[in-house]
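S.K.: Supplied in C-alpha cells, the structure appears directly below.
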Amino acid sequence: MSSDEKGAVDRFFDELDPIVFAFGALLTVGVIVAFFIDRDFVANGITTVQGEMVSYMNWALLVIVFLIVLFLLFLIVGPWGKIKMGDEDPEYSFFSFFTMLYSAGFAAGVVFWGPTEGLFYYADPNPLFGVEAESSAAMTYAIQQTLFHWALPQLAVFTIMGIAIGYFAYNYDNVPLRVSSALTPILGKENLDGPAAKVIDILAVFATIGGVATSLGFIGSQFISGLDYQWGIDMGDAGILIVVTTMTILFTISMVLGVDKGIRRLSNFNMGLFAVIMVVTFIAGPTMFLLLLGSQAMGGMISDFVSMSLYTGAGEEGATGWVEAWTVFYWAWALSWSPFAGLFIARISKGRTVREVAFTGIVATSAATVPWFTFVGGTAVWAQHTGLADFSEVIAPGGPGPEVSGFILFDALSFSVAGVSIPIGSFLILGFMVIVTTFFVTSADSSTLAVSMMTTGGKASPSTINRLFWGIVLGLTAAILMILGGEGGAGALQDAVVITGAPFAIVCFLALLCLVKDFSGSRGRVLLQEKTVIFGSARGQSDDEPAAAAEPGDDD
C-alpha cells in the first residue's frame with residue numbers, strides 16, 4: 001500500500017463518527033437483507049405501521065408544514081431576513097447556488113412527476129373542489145393541485161432545515177455541520193455528541209439512504225422504460241444492474257470532482273436542458289391554452305392555499321383517504337428527504353443571508369417548478385382530455401406506471417412550420433432520458449455528500465473513501481429496489497421512508513422554534529417590546545403604580 005493510499009485510509013478512519021456510521025450502515029443493510037429473507041412479512045409489517053402513523057399524524061403534518069411555509073415567508077419580508085450565515089462571502093454565484101439547490105434536492109421528482117401527476121388529479125380530483133372527474137373544470141384543478149404539492153410546501157421543509165443547520169453551524173463556535181445541529185438551543189452545544197443527537201443523526205442517515213434510493217429507483221425505472229418504449233429494449237434484472245451501475249459510476253466521477261467541478265457544473269447543465277424541454281413542449285403543445293390554464297391554476301392555488309394546506313377531509317366519505325394518499329404522503333416523503341436536502345443546502349449557503357436562502361428555497365425554485373408542471377403536466381392533461389394521447393392505462397390500477405407518461409406525451413407532440421408537421425417526439429424523448437440521467441447523478445452525488453457529512457461528525461469535505469462507500473450503498477439499494485419493485489419491494493421501502501419522515505416533522509418544527517428563540521433573543525423581538533414579561537408579573541412594580549413610559553426607540 002502506497003503512502004498516499006495509507007493516508008487516505010487513515011483519514012477515512014480518523015474523521016469517522018463510528019456510532020452514526022455503524023448504526024446508519026447496519027440499518028440500511030439490514031432492511032435490504034430483510035427483504036431478501038422474508039419480503040412479504042417485512043412489506044406487510046411496514047405497510048401496517050405506515051398506515052397507522054399516517055392516520056394519526058395526518059393533521060400534525062399538515063399543520064406543521066403550513067406553519068413552516070408561513071415562517072419562511074416572514075423571513076423573506078421580515079427584519080430577521082438580513083441575518084447572515086457566517087462572516088464570509090458566498091462561495092458560489094447566485095445562479096450556481098440556485099441550480100445546485102434545485103437539482104440536488106428536488107428536481108429529480110419534478111422531472112419524474114411532471115407529465116403524470118396532473119393526470120391522476122384529472123381522473124380523481126381533490127374532494128375539496130367538488131368537481132366531476134375528467135371534466136373540463138377538472139383540468140384546471142388538476143394543475144392547481146399539482147402546483148400546490150410541488151411549489152411552496154415541499155421546498156419549505158428542505159429550506160427550514162438548511163437554514164437551521166447552517167445558521168447554528170456557521171454562527172456558533174464548535175457546532176458541527178450535521179442534522180442534529182439544527183436543534184442546538186434545545187440540545188445544548190455541549191450535548192451535540194450526546195445520545196439524543198446521535199439518534200437524530202442515525203435516523204437522518206437511514207431516512208436519506210432509503211428516501212433517495214427509492215426515488216433514484218423510480219428515476220432509473222423511467223430511463224429503462226424509455227429504452228423499452230422507444231426502441232423495444234427489455235433490460236431485465238441484469239440490464240437494470242448494468243444501467244444503475246453505469247449511473248453510479250457517473251455520479252461517483254462527479255462526486256470525486258467535488259462540489260465546484262462536479263455538482264455545480266452538472267447542475268447548471270441540468271437547468272439548461274430542463275428549460276429547453278419545457279419551452280419546446282410549451283411551443284409544440286396548446287400554447288395559448290397553457291397560458292390560460294397556468295394563470296387560472298396559479299390564481300386558484302394562491303386563493304385556496306390555506307384551505308388546501310389544512311384540508312383533512314373530515315366528515316366527507318373517502319375524502320380523508322384521498323388527503324392521506326396524496327398530500328399527507330407527499331409531506332411525509334418530503335420530510336424524509338429533509339435531513340439530506342437541509343444538510344446540503346446548509347453546505348452551499350455559507351455567507352448568504354437568511355432572506356437569500358429562504359427566497360431561493362421557496363420562491364426562486366417555485367418559479368422554475370410552476371412553468372414545468374403547467375407546460376408539461378398541462379399538455380398531458382389536455383392530450384388526455386382531447387384524445388391526442390391515451391394515458392388511461394398509466395393511471396389505471398395495475399397499469400404500466402407513471403414512468404412511461406413522459407414518453408407517451410412527447411411521442412404524441414409535433415411542430416408545424418409553414419404547414420409542414422415536424423415530429424419532435426424522438427428529440428424530446430432523447431432529451432428527457434438525458435435529463436433523467438443527469439438529475440439521477442446530481443441527486444445521488446449531493447445525497448452521498450450529505451450522508452458522508454452525517455457520518456463524519458459534520459466534515460464539509462469528507463474523505464473520498466467515505467463518499468465512495470455510501471455511493472456504492474446508494475447505487476446498490478436503488479438497483480435492488482428497481483428489481484424488487486414489481487413485487488412490492490419499492491413500495492414497502494417507500495412506506496418505511498414515510499415512517500422515518502413523519503418523526504422528522506417534529507424535528508423540523510423544533511428547528512423552527514429554535515430559530516425563533518435565537519433570533520428573538522439575539523436580534524430583537526418582532527411582536528413584543530424587549531422588556532415585555534411573557535409569563536408572571538413584572539418585578540418591582542405594584543398593581544397600583546402606572547407603568548413607566550417607554551423610551552423612544554428606532555421604531556418610534
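We name chains A, B, ... following the order of the C-alpha cells; residues begin at 1 in each chain, and ligands are numbered from 1 as shown.
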List as a PyMOL selection string the protein and nucleic acid residues near region 159-172 of chain A, meaning an atom at most 9 Å away when only C-alpha atoms are counted, but skip any in the same chain fewer than 3 places from it.
M.R.: chain A and resi 68-69+71-72+83-87+154-156+175-185+189+338-339+341-351+354+357-358+360-362+507-509+511-512+514-515
S.K.: When you look at Phe289 (chain A) with a cut-off of 12 Å (counting only C-alpha atoms), what residues show up, excluding the ones that are within fewer than 2 positions of it in the same chain? I need them as a list in words.
M.R.: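 Within the cut-off, the hits are Met139, Thr140, Phe282, Ile283, Ala284, Gly285, Pro286, Thr287, Leu291, Leu292, Leu293, Gly294, Ser295, Gln296, Ala297, Thr374, Phe375, Gly378, Thr379, Val381, Trp382 and Ala383 of chain A.
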S.K.: Excluding region 389-396 of chain A and residues on its chain fewer than 6 positions from it, collect all residues at most 8 Å away from it, counting only C-alpha atoms, and give them as a PDB file with N, CA, C and O atoms, in the first residue's frame.
M.R.:
ATOM      1  N   LEU A 119     -52.527  14.092 -14.351  1.00  0.00           N
ATOM      2  CA  LEU A 119     -53.449  13.086 -14.897  1.00  0.00           C
ATOM      3  C   LEU A 119     -54.212  12.372 -13.793  1.00  0.00           C
ATOM      4  O   LEU A 119     -55.403  12.065 -13.936  1.00  0.00           O
ATOM      5  N   PHE A 120     -53.547  12.097 -12.683  1.00  0.00           N
ATOM      6  CA  PHE A 120     -54.204  11.424 -11.564  1.00  0.00           C
ATOM      7  C   PHE A 120     -55.274  12.318 -10.943  1.00  0.00           C
ATOM      8  O   PHE A 120     -56.354  11.850 -10.572  1.00  0.00           O
ATOM      9  N   ALA A 123     -58.295  12.526 -13.196  1.00  0.00           N
ATOM     10  CA  ALA A 123     -59.154  11.342 -13.099  1.00  0.00           C
ATOM     11  C   ALA A 123     -59.793  11.201 -11.725  1.00  0.00           C
ATOM     12  O   ALA A 123     -60.858  10.587 -11.591  1.00  0.00           O
ATOM     13  N   ALA A 380     -50.097  17.227 -20.933  1.00  0.00           N
ATOM     14  CA  ALA A 380     -50.520  15.834 -20.762  1.00  0.00           C
ATOM     15  C   ALA A 380     -52.013  15.742 -20.456  1.00  0.00           C
ATOM     16  O   ALA A 380     -52.737  14.902 -21.030  1.00  0.00           O
ATOM     17  N   ALA A 383     -53.891  16.591 -23.583  1.00  0.00           N
ATOM     18  CA  ALA A 383     -53.826  15.498 -24.554  1.00  0.00           C
ATOM     19  C   ALA A 383     -54.775  14.364 -24.180  1.00  0.00           C
ATOM     20  O   ALA A 383     -55.415  13.753 -25.044  1.00  0.00           O
ATOM     21  N   PRO A 402     -46.418   5.425 -13.800  1.00  0.00           N
ATOM     22  CA  PRO A 402     -46.197   6.811 -14.231  1.00  0.00           C
ATOM     23  C   PRO A 402     -44.893   7.030 -14.976  1.00  0.00           C
ATOM     24  O   PRO A 402     -44.727   8.058 -15.621  1.00  0.00           O
ATOM     25  N   VAL A 404     -43.830   5.901 -17.675  1.00  0.00           N
ATOM     26  CA  VAL A 404     -43.930   5.929 -19.139  1.00  0.00           C
ATOM     27  C   VAL A 404     -44.710   7.140 -19.647  1.00  0.00           C
ATOM     28  O   VAL A 404     -44.795   7.356 -20.857  1.00  0.00           O
ATOM     29  N   SER A 405     -45.283   7.940 -18.763  1.00  0.00           N
ATOM     30  CA  SER A 405     -46.138   9.053 -19.193  1.00  0.00           C
ATOM     31  C   SER A 405     -45.394  10.048 -20.074  1.00  0.00           C
ATOM     32  O   SER A 405     -45.924  10.530 -21.077  1.00  0.00           O
ATOM     33  N   ILE A 408     -45.047   8.753 -23.626  1.00  0.00           N
ATOM     34  CA  ILE A 408     -46.320   8.789 -24.354  1.00  0.00           C
ATOM     35  C   ILE A 408     -46.629  10.218 -24.786  1.00  0.00           C
ATOM     36  O   ILE A 408     -47.050  10.473 -25.925  1.00  0.00           O
ATOM     37  N   LEU A 409     -46.403  11.169 -23.889  1.00  0.00           N
ATOM     38  CA  LEU A 409     -46.698  12.572 -24.187  1.00  0.00           C
ATOM     39  C   LEU A 409     -45.815  13.094 -25.316  1.00  0.00           C
ATOM     40  O   LEU A 409     -46.306  13.641 -26.314  1.00  0.00           O
ATOM     41  N   ALA A 412     -46.446  11.989 -28.841  1.00  0.00           N
ATOM     42  CA  ALA A 412     -47.663  12.484 -29.486  1.00  0.00           C
ATOM     43  C   ALA A 412     -47.521  13.913 -29.992  1.00  0.00           C
ATOM     44  O   ALA A 412     -48.383  14.398 -30.733  1.00  0.00           O
TER      45      ALA A 412
END
S.K.: Could you work out how far CA of Tyr102 (chain A) lies from CA of Phe359 (chain A), giving the answer in Å with one decimal?
M.R.: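 Between CA of Phe359 (chain A) and CA of Tyr102 (chain A) the gap works out to 12.5 Å.
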S.K.: Find, counting only C-alpha atoms, the residue in A:Phe329, A:Phe206, A:Tyr311, A:Phe223 that gets nearest to Leu474 (chain A).
M.R.: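 Result for the nearest residue to Leu474 (chain A): A:Phe206.
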S.K.: Applying 8 Å and only C-alpha atoms, which residues near Ala502 (chain A) remain after dropping the ones on its own chain fewer than 3 positions away? List them as an mmCIF file with all heavy atoms, in the first residue's frame.
M.R.:
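Produced file part.cif, reproduced below:
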data_model
loop_
_atom_site.group_PDB
_atom_site.id
_atom_site.type_symbol
_atom_site.label_atom_id
_atom_site.label_comp_id
_atom_site.auth_asym_id
_atom_site.auth_seq_id
_atom_site.Cartn_x
_atom_site.Cartn_y
_atom_site.Cartn_z
ATOM 1 N N MET A 53 -49.476 5.276 11.338
ATOM 2 C CA MET A 53 -48.792 6.543 11.597
ATOM 3 C C MET A 53 -49.413 7.687 10.806
ATOM 4 O O MET A 53 -49.650 8.777 11.331
ATOM 5 C CB MET A 53 -47.304 6.407 11.266
ATOM 6 C CG MET A 53 -46.490 7.672 11.511
ATOM 7 S SD MET A 53 -44.714 7.399 11.371
ATOM 8 C CE MET A 53 -44.410 6.472 12.876
ATOM 9 N N VAL A 54 -49.683 7.432 9.523
ATOM 10 C CA VAL A 54 -50.276 8.473 8.689
ATOM 11 C C VAL A 54 -51.673 8.830 9.187
ATOM 12 O O VAL A 54 -52.066 9.997 9.215
ATOM 13 C CB VAL A 54 -50.307 8.023 7.212
ATOM 14 C CG1 VAL A 54 -51.160 8.974 6.383
ATOM 15 C CG2 VAL A 54 -48.904 7.965 6.647
ATOM 16 N N MET A 57 -51.218 10.936 12.434
ATOM 17 C CA MET A 57 -50.390 12.139 12.355
ATOM 18 C C MET A 57 -50.730 13.021 11.162
ATOM 19 O O MET A 57 -50.036 14.001 10.899
ATOM 20 C CB MET A 57 -48.902 11.756 12.289
ATOM 21 C CG MET A 57 -48.346 11.178 13.578
ATOM 22 S SD MET A 57 -46.539 11.114 13.568
ATOM 23 C CE MET A 57 -46.117 12.864 13.529
ATOM 24 N N LEU A 61 -48.920 16.738 10.381
ATOM 25 C CA LEU A 61 -48.063 17.022 9.226
ATOM 26 C C LEU A 61 -48.592 18.216 8.449
ATOM 27 O O LEU A 61 -47.818 19.093 8.024
ATOM 28 C CB LEU A 61 -47.970 15.797 8.318
ATOM 29 C CG LEU A 61 -46.779 14.862 8.561
ATOM 30 C CD1 LEU A 61 -46.854 14.233 9.952
ATOM 31 C CD2 LEU A 61 -46.728 13.767 7.503
ATOM 32 N N ALA A 332 -44.903 13.775 4.169
ATOM 33 C CA ALA A 332 -44.056 12.810 4.867
ATOM 34 C C ALA A 332 -42.853 12.421 4.017
ATOM 35 O O ALA A 332 -41.735 12.262 4.519
ATOM 36 C CB ALA A 332 -44.862 11.572 5.243
ATOM 37 N N LEU A 335 -40.425 15.217 4.101
ATOM 38 C CA LEU A 335 -39.777 15.259 5.409
ATOM 39 C C LEU A 335 -38.685 14.203 5.518
ATOM 40 O O LEU A 335 -37.681 14.413 6.203
ATOM 41 C CB LEU A 335 -40.819 15.074 6.514
ATOM 42 C CG LEU A 335 -41.728 16.287 6.752
ATOM 43 C CD1 LEU A 335 -43.009 15.874 7.469
ATOM 44 C CD2 LEU A 335 -40.985 17.358 7.550
ATOM 45 N N SER A 336 -38.875 13.068 4.856
ATOM 46 C CA SER A 336 -37.833 12.040 4.878
ATOM 47 C C SER A 336 -36.598 12.505 4.112
ATOM 48 O O SER A 336 -35.487 12.030 4.369
ATOM 49 C CB SER A 336 -38.360 10.729 4.290
ATOM 50 O OG SER A 336 -38.491 10.816 2.884
ATOM 51 N N VAL A 498 -41.662 6.860 4.771
ATOM 52 C CA VAL A 498 -42.702 7.693 5.385
ATOM 53 C C VAL A 498 -42.650 7.554 6.906
ATOM 54 O O VAL A 498 -42.834 8.529 7.641
ATOM 55 C CB VAL A 498 -44.091 7.303 4.846
ATOM 56 C CG1 VAL A 498 -45.184 8.044 5.600
ATOM 57 C CG2 VAL A 498 -44.185 7.610 3.364
ATOM 58 N N ILE A 499 -42.378 6.346 7.381
ATOM 59 C CA ILE A 499 -42.279 6.124 8.823
ATOM 60 C C ILE A 499 -41.142 6.963 9.405
ATOM 61 O O ILE A 499 -41.269 7.527 10.490
ATOM 62 C CB ILE A 499 -42.067 4.624 9.117
ATOM 63 C CG1 ILE A 499 -43.311 3.832 8.712
ATOM 64 C CG2 ILE A 499 -41.766 4.394 10.600
ATOM 65 C CD1 ILE A 499 -43.153 2.326 8.830
ATOM 66 N N ALA A 505 -41.056 15.552 10.997
ATOM 67 C CA ALA A 505 -41.942 16.710 11.103
ATOM 68 C C ALA A 505 -41.718 17.399 12.438
ATOM 69 O O ALA A 505 -41.693 18.642 12.528
ATOM 70 C CB ALA A 505 -43.403 16.274 10.952
ATOM 71 N N ILE A 506 -41.552 16.596 13.476
ATOM 72 C CA ILE A 506 -41.284 17.156 14.804
ATOM 73 C C ILE A 506 -39.927 17.845 14.823
ATOM 74 O O ILE A 506 -39.771 18.933 15.386
ATOM 75 C CB ILE A 506 -41.337 16.050 15.877
ATOM 76 C CG1 ILE A 506 -42.653 15.258 15.777
ATOM 77 C CG2 ILE A 506 -41.165 16.637 17.265
ATOM 78 C CD1 ILE A 506 -43.891 16.094 15.969
#
S.K.: Record the distance separating CA of Gly377 (chain A) and CA of Thr116 (chain A), expressed in Å with one decimal.
M.R.: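 Computing the Euclidean distance for CA of Gly377 (chain A) and CA of Thr116 (chain A) yields 6.5 Å.
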